[in-house]
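Source file: coords.txt; contents: compact mmCIF, C-alpha atoms.
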# COMPACT_ATOMS: atom_id res chain seq x y z
CA MET R 178 89.88 104.40 100.24
CA ILE R 179 93.42 111.14 100.73
CA ARG R 180 93.43 114.81 101.13
CA TRP R 181 95.96 117.63 100.57
CA ILE R 182 97.46 121.12 100.28
CA ALA R 183 97.02 123.15 97.12
CA LEU R 184 99.83 122.96 94.60
CA LEU R 185 101.90 120.67 96.82
CA LEU R 186 102.24 116.95 96.36
CA LEU R 187 101.21 115.92 99.84
CA LEU R 188 100.52 112.24 99.93
CA PRO R 189 96.84 111.51 100.17
CA LEU R 190 97.69 108.73 102.56
CA LEU R 191 99.84 110.65 105.00
CA LEU R 192 98.68 114.20 104.64
CA VAL R 193 95.01 114.79 105.06
CA ALA R 194 92.20 112.74 106.54
CA CYS R 195 91.40 109.60 104.61
CA ASP R 196 90.31 106.74 106.83
CA ARG R 197 88.54 104.63 104.25
CA LYS R 198 86.37 101.61 104.10
CA PRO R 199 88.14 99.19 101.97
CA GLY R 200 91.18 100.24 100.54
CA HIS R 201 95.66 96.07 90.82
CA GLN R 202 98.02 96.84 88.79
CA ALA R 203 97.76 100.50 87.94
CA SER R 204 96.21 101.03 84.55
CA GLN R 205 98.73 103.68 83.54
CA PRO R 206 102.54 103.56 83.65
CA ALA R 207 104.07 104.55 86.97
CA SER R 208 105.40 108.08 86.94
CA LYS R 209 107.27 110.24 89.40
CA PRO R 210 104.86 112.39 91.44
CA GLN R 211 105.00 116.05 90.44
CA VAL R 212 103.69 119.34 91.69
CA VAL R 213 100.06 119.76 90.67
CA SER R 214 99.54 122.09 87.74
CA ALA R 215 97.70 125.31 88.50
CA ARG R 216 96.24 125.30 84.99
CA PRO R 217 92.48 125.90 85.26
CA LEU R 218 89.90 123.54 83.88
CA PRO R 219 88.25 124.46 80.60
CA PRO R 220 84.75 125.92 80.94
CA PRO R 221 82.04 123.34 81.63
CA PRO R 222 80.16 122.06 78.58
CA VAL R 223 76.93 123.51 80.01
CA PRO R 224 76.23 125.99 82.83
CA PRO R 225 76.16 124.22 86.23
CA ALA R 226 72.91 123.92 88.13
CA ARG R 227 72.44 126.08 91.19
CA GLY R 228 71.72 124.94 94.73
CA PRO R 229 73.53 122.68 97.20
CA PHE R 230 73.31 119.77 94.75
CA GLY R 231 72.41 120.09 91.11
CA LEU R 232 72.28 117.96 87.97
CA THR R 233 72.41 119.32 84.44
CA ARG R 234 71.49 117.07 81.57
CA LEU R 235 73.98 116.57 78.71
CA ASP R 236 74.35 114.41 75.64
CA PHE R 237 77.18 111.90 75.45
CA GLU R 238 78.76 113.94 72.66
CA GLN R 239 79.33 116.73 75.19
CA LEU R 240 81.38 114.60 77.59
CA PRO R 241 85.06 115.60 77.33
CA GLY R 242 87.02 112.53 76.23
CA TRP R 243 84.07 110.14 76.06
CA TYR R 244 85.15 108.78 72.67
CA SER R 245 88.81 108.39 73.68
CA ASP R 246 88.10 106.24 76.75
CA ASP R 247 87.61 102.48 76.68
CA PRO R 248 84.49 101.99 78.83
CA ALA R 249 84.78 98.20 78.43
CA GLU R 250 87.38 98.40 81.20
CA ALA R 251 84.65 99.63 83.56
CA ILE R 252 82.18 96.86 82.72
CA VAL R 253 83.71 94.39 85.23
CA ALA R 254 83.37 96.95 88.03
CA PHE R 255 79.84 97.90 87.02
CA ARG R 256 78.74 94.27 86.83
CA ARG R 257 79.93 93.71 90.40
CA SER R 258 77.88 96.70 91.52
CA CYS R 259 74.84 95.50 89.59
CA GLU R 260 75.01 92.05 91.16
CA THR R 261 74.99 93.65 94.60
CA LEU R 262 72.20 96.06 93.66
CA LEU R 263 69.95 93.32 92.25
CA ARG R 264 70.08 91.35 95.49
CA ARG R 265 68.16 94.18 97.17
CA PRO R 266 64.35 94.59 97.12
CA GLY R 267 63.01 96.30 94.02
CA GLY R 268 61.46 99.08 96.07
CA ALA R 269 64.69 99.95 97.91
CA SER R 270 66.34 103.31 97.17
CA VAL R 271 69.68 103.11 95.40
CA ASP R 272 71.11 105.97 97.47
CA LYS R 273 70.70 107.28 100.99
CA GLN R 274 68.65 110.32 100.00
CA GLY R 275 66.34 108.57 97.55
CA ARG R 276 67.31 110.99 94.78
CA PHE R 277 68.14 108.40 92.19
CA GLY R 278 65.17 106.10 92.18
CA ARG R 279 64.65 102.52 93.27
CA VAL R 280 66.43 99.29 92.54
CA ALA R 281 63.61 98.49 90.11
CA ASP R 282 64.50 101.60 88.09
CA TRP R 283 68.07 100.36 87.64
CA ALA R 284 67.29 96.67 87.21
CA PRO R 285 66.60 96.73 83.43
CA ALA R 286 69.97 98.30 82.66
CA CYS R 287 71.76 95.91 85.02
CA SER R 288 69.92 92.89 83.64
CA ALA R 289 70.88 93.86 80.08
CA LEU R 290 74.57 94.04 80.93
CA GLY R 291 75.59 90.45 80.20
CA GLU R 292 79.12 89.10 80.47
CA PRO R 293 82.06 91.56 80.58
CA GLU R 294 84.04 89.45 78.11
CA ALA R 295 81.51 90.23 75.40
CA TYR R 296 82.40 93.93 75.29
CA ASP R 297 84.92 95.96 73.40
CA ALA R 298 85.19 99.75 73.56
CA ALA R 299 82.53 100.35 70.91
CA SER R 300 79.94 97.94 72.28
CA ALA R 301 80.48 99.15 75.85
CA ARG R 302 79.99 102.70 74.67
CA ARG R 303 76.75 101.70 72.92
CA TYR R 304 75.52 99.95 76.06
CA PHE R 305 75.90 103.06 78.22
CA GLU R 306 74.51 105.34 75.52
CA ASN R 307 71.44 103.10 75.09
CA TRP R 308 70.59 102.74 78.77
CA PHE R 309 71.82 105.92 80.45
CA GLN R 310 71.72 109.70 80.31
CA PRO R 311 74.72 111.76 81.57
CA PHE R 312 74.28 114.65 84.00
CA MET R 313 76.92 117.12 85.13
CA VAL R 314 77.09 117.27 88.93
CA ALA R 315 77.43 120.59 90.74
CA GLY R 316 77.51 121.68 94.35
CA ASP R 317 76.62 125.22 95.41
CA GLY R 318 76.55 126.20 91.75
CA ARG R 319 80.08 124.93 91.03
CA SER R 320 80.89 121.97 88.81
CA GLU R 321 84.58 121.97 89.75
CA GLY R 322 85.87 119.85 92.64
CA LEU R 323 88.83 117.92 94.00
CA PHE R 324 90.03 114.51 92.80
CA THR R 325 92.69 112.48 94.57
CA GLY R 326 94.00 108.92 94.46
CA TYR R 327 94.55 105.96 96.77
CA TYR R 328 95.96 102.48 96.55
CA GLU R 329 96.21 99.13 98.29
CA ALA R 330 99.44 98.94 100.26
CA GLU R 331 101.69 95.90 100.03
CA VAL R 332 103.39 95.01 103.31
CA LYS R 333 105.40 92.20 104.87
CA GLY R 334 103.77 90.39 107.78
CA SER R 335 103.45 87.23 109.80
CA LEU R 336 100.74 85.53 111.82
CA ARG R 337 103.16 85.28 114.73
CA GLN R 338 105.25 87.83 116.55
CA GLY R 339 108.99 87.29 116.32
CA GLY R 340 112.14 88.52 114.63
CA ASP R 341 111.37 91.52 112.44
CA TYR R 342 107.63 91.12 112.93
CA GLN R 343 106.93 93.31 115.95
CA TRP R 344 104.17 95.77 114.92
CA PRO R 345 100.65 94.41 115.39
CA LEU R 346 97.46 94.78 113.39
CA TYR R 347 94.47 94.47 115.72
CA ARG R 348 90.91 93.33 115.15
CA PRO R 349 88.23 95.61 116.70
CA PRO R 350 88.39 95.39 120.49
CA GLY R 351 84.63 95.57 120.98
CA GLY R 352 84.64 98.55 123.29
CA LYS R 353 85.98 102.03 123.82
CA VAL R 354 89.75 102.44 123.63
CA GLY R 355 92.18 105.31 123.87
CA ASP R 356 94.22 107.14 121.27
CA ARG R 357 97.16 105.94 119.19
CA ALA R 358 99.68 106.77 121.91
CA SER R 359 97.87 104.70 124.54
CA ILE R 360 97.47 101.76 122.16
CA ASP R 361 101.14 101.97 121.19
CA ALA R 362 101.94 101.94 124.91
CA GLY R 363 100.22 98.55 125.31
CA GLU R 364 96.54 99.22 126.01
CA LEU R 365 95.44 96.25 123.87
CA GLU R 366 98.22 93.82 124.72
CA GLY R 367 97.29 90.46 126.21
CA ARG R 368 93.76 90.42 124.80
CA GLY R 369 94.45 88.19 121.81
CA LEU R 370 93.34 90.83 119.30
CA GLU R 371 96.36 90.63 117.00
CA ILE R 372 95.59 89.26 113.53
CA ALA R 373 99.10 89.81 112.12
CA TRP R 374 102.46 91.37 112.87
CA LEU R 375 104.26 93.66 110.41
CA ASP R 376 107.99 94.21 109.97
CA ASP R 377 107.91 98.03 109.85
CA PRO R 378 106.09 100.64 111.97
CA VAL R 379 105.88 103.07 109.05
CA SER R 380 104.16 100.44 106.90
CA ALA R 381 101.73 99.81 109.74
CA PHE R 382 100.99 103.52 110.05
CA ASP R 383 100.49 103.87 106.31
CA LEU R 384 98.09 100.93 106.39
CA HIS R 385 96.02 102.75 109.03
CA ILE R 386 95.50 105.50 106.45
CA GLN R 387 94.96 103.36 103.34
CA GLY R 388 92.64 100.95 105.14
CA SER R 389 93.62 97.82 103.20
CA ALA R 390 96.73 95.90 102.19
CA ARG R 391 98.06 92.77 100.59
CA VAL R 392 100.25 91.10 103.21
CA ALA R 393 103.26 89.09 102.01
CA MET R 394 103.78 86.17 104.40
CA PRO R 395 107.15 84.55 105.24
CA ASP R 396 106.21 81.41 103.26
CA GLY R 397 105.68 83.43 100.08
CA SER R 398 101.87 83.42 100.24
CA TYR R 399 99.67 86.52 100.30
CA ARG R 400 96.62 87.46 102.33
CA ARG R 401 94.50 90.60 102.35
CA VAL R 402 93.47 92.72 105.30
CA GLY R 403 90.73 95.33 105.20
CA TYR R 404 89.19 98.06 107.30
CA ALA R 405 87.09 96.88 110.25
CA GLY R 406 86.65 100.04 112.35
CA THR R 407 88.45 102.78 114.28
CA ASN R 408 88.81 104.10 117.81
CA GLY R 409 86.53 106.97 116.75
CA MET R 410 89.07 109.75 117.08
CA THR R 411 89.73 112.51 114.58
CA PHE R 412 92.33 111.93 111.90
CA VAL R 413 95.37 114.25 111.82
CA GLY R 414 97.52 114.29 108.67
CA ILE R 415 101.16 114.25 109.75
CA GLY R 416 102.50 115.25 106.33
CA ARG R 417 101.11 118.72 106.80
CA LEU R 418 102.63 118.89 110.30
CA MET R 419 106.02 117.86 108.93
CA LEU R 420 105.92 120.50 106.22
CA ASN R 421 104.78 123.26 108.59
CA ARG R 422 107.57 122.39 111.06
CA GLY R 423 110.27 122.37 108.42
CA LEU R 424 111.01 118.66 108.83
CA ILE R 425 110.57 118.20 105.10
CA GLY R 426 110.59 120.64 102.23
CA PRO R 427 108.16 120.90 99.33
CA ASP R 428 110.46 118.71 97.24
CA GLN R 429 110.11 115.92 99.82
CA ALA R 430 106.36 116.28 100.31
CA SER R 431 105.46 113.09 98.48
CA ALA R 432 104.44 109.67 99.72
CA GLN R 433 107.94 108.39 99.25
CA GLY R 434 109.55 111.45 100.84
CA VAL R 435 107.37 111.40 103.94
CA LYS R 436 107.90 107.69 104.57
CA ALA R 437 111.66 107.98 103.93
CA TRP R 438 111.91 110.69 106.61
CA LEU R 439 109.94 108.60 109.10
CA ARG R 440 112.18 105.57 108.55
CA ALA R 441 115.35 107.67 108.80
CA ASN R 442 114.21 109.26 112.09
CA PRO R 443 112.59 106.43 114.08
CA ARG R 444 112.62 108.14 117.48
CA GLU R 445 111.02 111.34 116.23
CA ALA R 446 108.76 109.35 113.93
CA ARG R 447 107.10 107.46 116.77
CA GLU R 448 106.06 110.67 118.54
CA LEU R 449 105.05 112.32 115.27
CA MET R 450 102.83 109.41 114.20
CA GLN R 451 101.16 109.51 117.61
CA GLU R 452 99.97 113.04 116.84
CA ASN R 453 97.40 111.29 114.65
CA PRO R 454 95.18 109.87 117.41
CA ARG R 455 92.95 107.82 115.11
CA TYR R 456 93.69 104.10 115.17
CA VAL R 457 92.30 101.65 112.60
CA PHE R 458 91.35 98.01 113.20
CA PHE R 459 91.42 95.28 110.58
CA ARG R 460 89.99 91.97 109.43
CA TRP R 461 91.08 89.31 106.96
CA ILE R 462 89.26 89.51 103.63
CA ASP R 463 88.98 87.23 100.62
CA GLY R 464 88.43 88.20 97.02
CA ALA R 465 89.93 89.63 93.87
CA GLY R 466 90.86 92.91 95.50
CA PRO R 467 90.29 95.19 98.48
CA ILE R 468 86.64 95.55 99.39
CA GLY R 469 85.00 98.95 99.01
CA ALA R 470 82.15 100.43 100.99
CA GLN R 471 79.62 98.91 98.58
CA GLY R 472 80.91 95.49 99.60
CA VAL R 473 82.46 94.59 96.23
CA PRO R 474 86.13 94.14 95.23
CA LEU R 475 87.60 97.33 93.84
CA THR R 476 88.85 97.49 90.25
CA ALA R 477 92.15 99.28 89.61
CA GLY R 478 91.69 102.45 87.63
CA ARG R 479 87.89 102.10 87.49
CA SER R 480 86.63 102.23 91.11
CA MET R 481 86.15 105.58 92.81
CA ALA R 482 85.33 106.69 96.33
CA VAL R 483 82.58 109.32 96.58
CA ASP R 484 80.55 111.06 99.25
CA PRO R 485 77.43 108.89 99.79
CA ALA R 486 75.57 111.97 100.96
CA TYR R 487 75.41 112.94 97.28
CA LEU R 488 75.83 109.83 95.10
CA GLY R 489 74.82 106.20 95.44
CA TYR R 490 77.17 103.24 95.33
CA GLY R 491 77.30 101.49 91.99
CA MET R 492 76.56 104.56 89.89
CA PRO R 493 78.61 105.04 86.70
CA VAL R 494 80.46 108.36 86.80
CA PHE R 495 82.47 109.85 83.94
CA LEU R 496 85.50 111.79 85.13
CA GLU R 497 87.08 114.93 83.65
CA THR R 498 90.41 115.74 85.29
CA THR R 499 94.18 115.25 84.82
CA TYR R 500 97.01 113.11 86.11
CA SER R 501 99.52 114.86 88.36
CA ASP R 502 101.75 115.54 85.33
CA GLY R 503 98.96 117.37 83.52
CA ARG R 504 97.93 114.64 81.08
CA PRO R 505 94.16 114.42 80.50
CA LEU R 506 92.35 111.85 82.60
CA ASN R 507 88.89 111.30 81.13
CA ARG R 508 87.40 107.93 81.98
CA LEU R 509 84.37 106.06 83.18
CA MET R 510 84.51 105.17 86.88
CA ILE R 511 82.10 103.31 89.16
CA ALA R 512 81.24 104.76 92.58
CA GLN R 513 82.06 101.87 94.92
CA ASP R 514 83.76 103.30 97.99
CA THR R 515 84.04 106.25 100.35
CA GLY R 516 86.52 107.73 102.82
CA GLY R 517 86.72 110.02 105.81
CA ALA R 518 87.92 112.98 103.73
CA ILE R 519 85.65 112.37 100.75
CA LYS R 520 83.13 115.11 101.41
CA GLY R 521 81.18 117.22 98.98
CA ALA R 522 79.02 117.08 95.89
CA VAL R 523 82.02 117.10 93.51
CA ARG R 524 84.68 115.01 95.24
CA GLY R 525 86.32 111.79 94.13
CA ASP R 526 89.14 109.49 95.20
CA LEU R 527 90.40 107.13 92.51
CA PHE R 528 91.58 103.61 93.32
CA TRP R 529 94.76 102.80 91.37
CA GLY R 530 95.59 99.25 92.45
CA THR R 531 98.21 97.55 94.60
CA GLY R 532 101.81 98.28 95.53
CA ALA R 533 104.48 100.67 94.27
CA PRO R 534 103.21 101.22 90.69
CA ALA R 535 99.82 102.26 92.03
CA LEU R 536 101.39 104.44 94.71
CA ALA R 537 103.40 106.27 92.05
CA ILE R 538 100.12 107.50 90.54
CA ALA R 539 97.93 107.78 93.64
CA GLY R 540 100.54 109.59 95.71
CA GLY R 541 100.66 112.49 93.27
CA MET R 542 96.99 113.12 92.70
CA LYS R 543 95.36 116.31 93.95
CA GLN R 544 93.64 117.57 90.87
CA LYS R 545 90.81 119.87 89.91
CA GLY R 546 88.08 118.17 87.93
CA ARG R 547 84.43 117.50 87.18
CA TYR R 548 82.28 114.43 86.94
CA TYR R 549 79.13 113.39 85.14
CA VAL R 550 76.84 110.80 86.67
CA PHE R 551 75.01 108.34 84.41
CA LEU R 552 71.36 107.76 85.32
CA PRO R 553 68.92 105.31 83.75
CA LYS R 554 66.82 107.06 81.13
CA THR R 555 63.71 106.51 83.23
CA LEU R 556 65.13 109.03 85.72
CA ASN R 557 65.35 112.02 83.41
CA ARG R 558 63.14 113.97 85.78
CA PHE R 559 66.42 115.05 87.46
CA ALA R 560 67.41 117.18 84.49
CA SER R 561 67.77 120.89 85.28
CA ARG R 562 65.54 123.15 83.21

Represent the supplied structure as structure tokens.
Amino acid sequence: MIRWIALLLLLPLLLVACDRKPGHQASQPASKPQVVSARPLPPPPVPPARGPFGLTRLDFEQLPGWYSDDPAEAIVAFRRSCETLLRRPGGASVDKQGRFGRVADWAPACSALGEPEAYDAASARRYFENWFQPFMVAGDGRSEGLFTGYYEAEVKGSLRQGGDYQWPLYRPPGGKVGDRASIDAGELEGRGLEIAWLDDPVSAFDLHIQGSARVAMPDGSYRRVGYAGTNGMTFVGIGRLMLNRGLIGPDQASAQGVKAWLRANPREARELMQENPRYVFFRWIDGAGPIGAQGVPLTAGRSMAVDPAYLGYGMPVFLETTYSDGRPLNRLMIAQDTGGAIKGAVRGDLFWGTGAPALAIAGGMKQKGRYYVFLPKTLNRFASR
């Protein structure tokens, strides 16, 4: 399933538009969110292609960090995408624009994949090197873009209203509805649309931004909810409003800081949250994780949301960026999701998993970076000359 202010750690979830269509354990240790480093990226390994969308062919040896990553971790995610892709007709385009060939062009590589358990880092690397060619992506002649993070929230809920459980999650109402304020005032009450009740209005609001959650039930069981639609209104990031109004300072402009203020100021928080008119509806989902826009469970640390106007779901994408503390982040991701703020040729939103450890990483990400899409070798006609 997050969008922010330069050099400030404004939570992707609460700050800038990010209504997403999923969105476990985070693959790196949790760390305290920090201010994003202004350190520039190194020069690109090759000059970027010109035009609104451009691809420049590289060799694997030119990918920054390719030999330090363990691409075997991405095999599970890629296999899920391949299984979905291979259920489509061979003549179908793999992306909306038809840039990246047909299902039949990708089928040999997918069919050769085999079982994820058979791979270690070296054999996974050989698989991608044998079947794919990397291309640096550029938009408007620039290879540098924005990379953020998101996570699957973990909340407490019940199937019945009562006690602490007073904040509803609704299924889609099947018709036009008003804004958040009118829904909060009772517009949907009495229609039997509630699928669950949460114990905290701030958790409910956060879930409307993340788009998915693991719900802890009173009996100790867990169920997942996922995105099912919105009221169609424009998202407004309240974190930016809070910062501009002096309600929080830069040192509080993190996921944890924003939510702490909302919980400490419930009266003001209700009105402030209503300044985001977009309201999200949910459905129960089954599976190993939250479901991305491609329709497959997301894999922590290996699934990424992209703009489908530029890339197709299921494509392997190698990432060159940093964590919020400046450590290098070079790894193979699979494009499996999108989000309302994920716009542009070089734009990515990394899924980090479920709960607090994932939030500790996702909440701090607003990094400069590049990515390199892997295309089957039969599609080398996309190389820039």

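The residue that comes closest to Ala465 of chain R, out of R:Gly530, R:Gly503, R:Gly363, R:Pro485 and on the basis of all atoms listed in the file, is R:Gly530.
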
Write out, as a tab-separated table, each residue of segment 403-462 of chain R that has an atom at most 6 Å from segment 382-393 of chain R, together with the closest pair of atoms and their distance in Å to one decimal, counting all atoms listed in the file, rows going by chain and rising number.
residue	atom	partner	partner_atom	distance
R:Gly403	CA	R:Ser389	CA	4.3
R:Tyr404	CA	R:Gly388	CA	5.0
R:Val457	CA	R:His385	CA	5.3

For the residues in the current selection, export C-alpha atoms as a tab-separated table (two decimals), in the coordinates of the input.
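As a result, part-v7.tsv now contains:
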chain	number	residue	atom	x	y	z
R	403	GLY	CA	90.73	95.33	105.20
R	404	TYR	CA	89.19	98.06	107.30
R	457	VAL	CA	92.30	101.65	112.60

**Request:** Between atom CA of Asn421 of chain R and atom CA of Glu445 of chain R, measure the distance and give it in Å to one decimal.
**Result:** 15.5 Å

**Request:** Excluding Ile425 of chain R and any residue of its chain fewer than 6 positions from it, enumerate the residues within 10 Å of it, using all atoms listed in the file, and give them as an MDAnalysis selection string.
**Result:** chainID R and resid 416:419 431 434:435 438

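Counting all atoms listed in the file and comparing R:Ala289, R:Tyr296, R:Leu424, R:Arg279, the residue that lies closest to Pro266 of chain R is R:Arg279.
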
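The space between atom CA of Ile372 of chain R and atom CA of Gln343 of chain R spans 12.3 Å.
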
**Separation of atom CA of Gly517 of chain R from atom CA of Pro454 of chain R in Å** =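 That distance, rounded to one decimal, is 14.4 Å.
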
**Request:** Write out as a list in words each polymer residue whose atoms come within 9 Å of Gln274 of chain R, counting all atoms listed in the file; drop sequence neighbours fewer than 4 positions from it.
**Result:**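 My reading of the contact set: Ser270, Pro485, Ala486, Tyr487, Leu488 and Gly489 of chain R.
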
Write the selection just made, keeping C-alpha atoms, as a short mmCIF file (atom, residue, chain, number, x, y, z; two decimals), in the coordinates of the input?
data_model
loop_
_atom_site.label_atom_id
_atom_site.label_comp_id
_atom_site.auth_asym_id
_atom_site.auth_seq_id
_atom_site.Cartn_x
_atom_site.Cartn_y
_atom_site.Cartn_z
CA SER R 270 66.34 103.31 97.17
CA PRO R 485 77.43 108.89 99.79
CA ALA R 486 75.57 111.97 100.96
CA TYR R 487 75.41 112.94 97.28
CA LEU R 488 75.83 109.83 95.10
CA GLY R 489 74.82 106.20 95.44
#

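Using all atoms listed in the file, the protein and nucleic acid residues lying at most 9 Å from the point (61.9, 99.4, 90.5) are R:Pro266, R:Gly267, R:Gly268, R:Ala269, R:Ser270, R:Gly278, R:Arg279, R:Val280, R:Ala281, R:Asp282, R:Trp283, R:Ala284, R:Pro285.
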
Can you pull out the residues contacting segment 352-357 of chain R? Cut-off 6 Å, using only C-alpha atoms, and skip same-chain residues under 2 positions away; I want them as a short mmCIF file (atom, residue, chain, number, x, y, z; two decimals) with C-alpha atoms, in the frame of the given file.
data_model
loop_
_atom_site.label_atom_id
_atom_site.label_comp_id
_atom_site.auth_asym_id
_atom_site.auth_seq_id
_atom_site.Cartn_x
_atom_site.Cartn_y
_atom_site.Cartn_z
CA PRO R 350 88.39 95.39 120.49
CA SER R 359 97.87 104.70 124.54
CA ILE R 360 97.47 101.76 122.16
CA ASP R 361 101.14 101.97 121.19
CA GLN R 451 101.16 109.51 117.61
CA PRO R 454 95.18 109.87 117.41
CA TYR R 456 93.69 104.10 115.17
#

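Distances here use all atoms listed in the file; by that measure, the residue among R:Gly541, R:Gly423, R:Pro224, R:Gly469 closest to Ala315 of chain R is R:Pro224.
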
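Look at Gly464 of chain R: the protein and nucleic acid residues within 12 Å of it, using only C-alpha atoms and passing over chain neighbours fewer than 6 places away, are Arg391, Tyr399, Arg400, Arg401, Val402, Gly403, Gly472, Val473, Pro474, Leu475 and Thr476 of chain R.
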
Where's the centre, and what are the edge lengths in Å to one decimal, of a box along x, y and z enclosing all listed atoms of segment 331-341 of chain R padded 6 Å per side, as lines of an AutoDock Vina configuration file?
center_x = 106.4
center_y = 90.6
center_z = 108.3
size_x = 23.4
size_y = 22.6
size_z = 28.5

**Nearest to Ala251 of chain R, chosen from R:Asn507, R:Asn408, R:Thr531, R:Ser480, with only C-alpha atoms counted in the distances** = R:Ser480

Write out as JSON lines the residues of segment 261-358 of chain R that have any atom within 8 Å of an atom of segment 519-525 of chain R, one row each with the nearest atom pair and its distance in Å to one decimal, counting only C-alpha atoms, sorted by chain and then rising number.
{"residue": "R:Val314", "atom": "CA", "partner": "R:Val523", "partner_atom": "CA", "distance": 6.7}
{"residue": "R:Ala315", "atom": "CA", "partner": "R:Val523", "partner_atom": "CA", "distance": 6.4}
{"residue": "R:Gly316", "atom": "CA", "partner": "R:Ala522", "partner_atom": "CA", "distance": 5.1}
{"residue": "R:Ser320", "atom": "CA", "partner": "R:Val523", "partner_atom": "CA", "distance": 6.9}
{"residue": "R:Glu321", "atom": "CA", "partner": "R:Val523", "partner_atom": "CA", "distance": 6.7}
{"residue": "R:Gly322", "atom": "CA", "partner": "R:Val523", "partner_atom": "CA", "distance": 4.8}
{"residue": "R:Leu323", "atom": "CA", "partner": "R:Arg524", "partner_atom": "CA", "distance": 5.2}
{"residue": "R:Phe324", "atom": "CA", "partner": "R:Gly525", "partner_atom": "CA", "distance": 4.8}
{"residue": "R:Thr325", "atom": "CA", "partner": "R:Gly525", "partner_atom": "CA", "distance": 6.4}

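Distances here use all atoms listed in the file; by that measure, the residue among R:Glu306, R:Glu329, R:Asp341, R:Glu452 closest to Pro493 of chain R is R:Glu306.
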
**Request:** Name the residues in contact with Trp529 of chain R at a cut-off of 6 Å, using only C-alpha atoms, excluding same-chain residues fewer than 6 positions from it; report them as a ChimeraX atom specification.
**Result:** /R:203,328,477-478,535

**Asked** Of the residues R:Met481, R:Met394, R:Leu346, R:Val494, which is the one nearest to Trp374 of chain R, using all atoms listed in the file?
**Response**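 Under the stated criterion, the closest residue is R:Leu346.
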
Since the input is missing atoms, can you rebuild N, CA and C atoms for segment 367-378 of chain R and write them as a JSON list (two decimals), in the coordinates of the input?
[["chain", "number", "residue", "atom", "x", "y", "z"],
["R", 367, "GLY", "N", 97.78, 91.53, 125.36],
["R", 367, "GLY", "CA", 97.29, 90.46, 126.21],
["R", 367, "GLY", "C", 95.84, 90.10, 126.02],
["R", 368, "ARG", "N", 95.18, 90.69, 125.03],
["R", 368, "ARG", "CA", 93.76, 90.42, 124.80],
["R", 368, "ARG", "C", 93.52, 89.52, 123.59],
["R", 369, "GLY", "N", 94.58, 89.09, 122.95],
["R", 369, "GLY", "CA", 94.45, 88.19, 121.81],
["R", 369, "GLY", "C", 93.81, 88.82, 120.60],
["R", 370, "LEU", "N", 93.98, 90.12, 120.41],
["R", 370, "LEU", "CA", 93.34, 90.83, 119.30],
["R", 370, "LEU", "C", 94.21, 90.92, 118.06],
["R", 371, "GLU", "N", 95.46, 90.50, 118.14],
["R", 371, "GLU", "CA", 96.36, 90.63, 117.00],
["R", 371, "GLU", "C", 95.98, 89.64, 115.89],
["R", 372, "ILE", "N", 95.83, 90.16, 114.66],
["R", 372, "ILE", "CA", 95.59, 89.26, 113.53],
["R", 372, "ILE", "C", 96.86, 89.04, 112.72],
["R", 373, "ALA", "N", 97.83, 89.96, 112.83],
["R", 373, "ALA", "CA", 99.10, 89.81, 112.12],
["R", 373, "ALA", "C", 100.11, 90.76, 112.75],
["R", 374, "TRP", "N", 101.37, 90.52, 112.42],
["R", 374, "TRP", "CA", 102.46, 91.37, 112.87],
["R", 374, "TRP", "C", 103.25, 91.82, 111.65],
["R", 375, "LEU", "N", 103.52, 93.12, 111.54],
["R", 375, "LEU", "CA", 104.26, 93.66, 110.41],
["R", 375, "LEU", "C", 105.72, 93.90, 110.78],
["R", 376, "ASP", "N", 106.55, 94.07, 109.73],
["R", 376, "ASP", "CA", 107.99, 94.21, 109.97],
["R", 376, "ASP", "C", 108.44, 95.66, 110.04],
["R", 377, "ASP", "N", 107.51, 96.63, 109.97],
["R", 377, "ASP", "CA", 107.91, 98.03, 109.85],
["R", 377, "ASP", "C", 106.81, 98.92, 110.42],
["R", 378, "PRO", "N", 107.13, 99.78, 111.39],
["R", 378, "PRO", "CA", 106.09, 100.64, 111.97],
["R", 378, "PRO", "C", 105.54, 101.67, 110.98]]
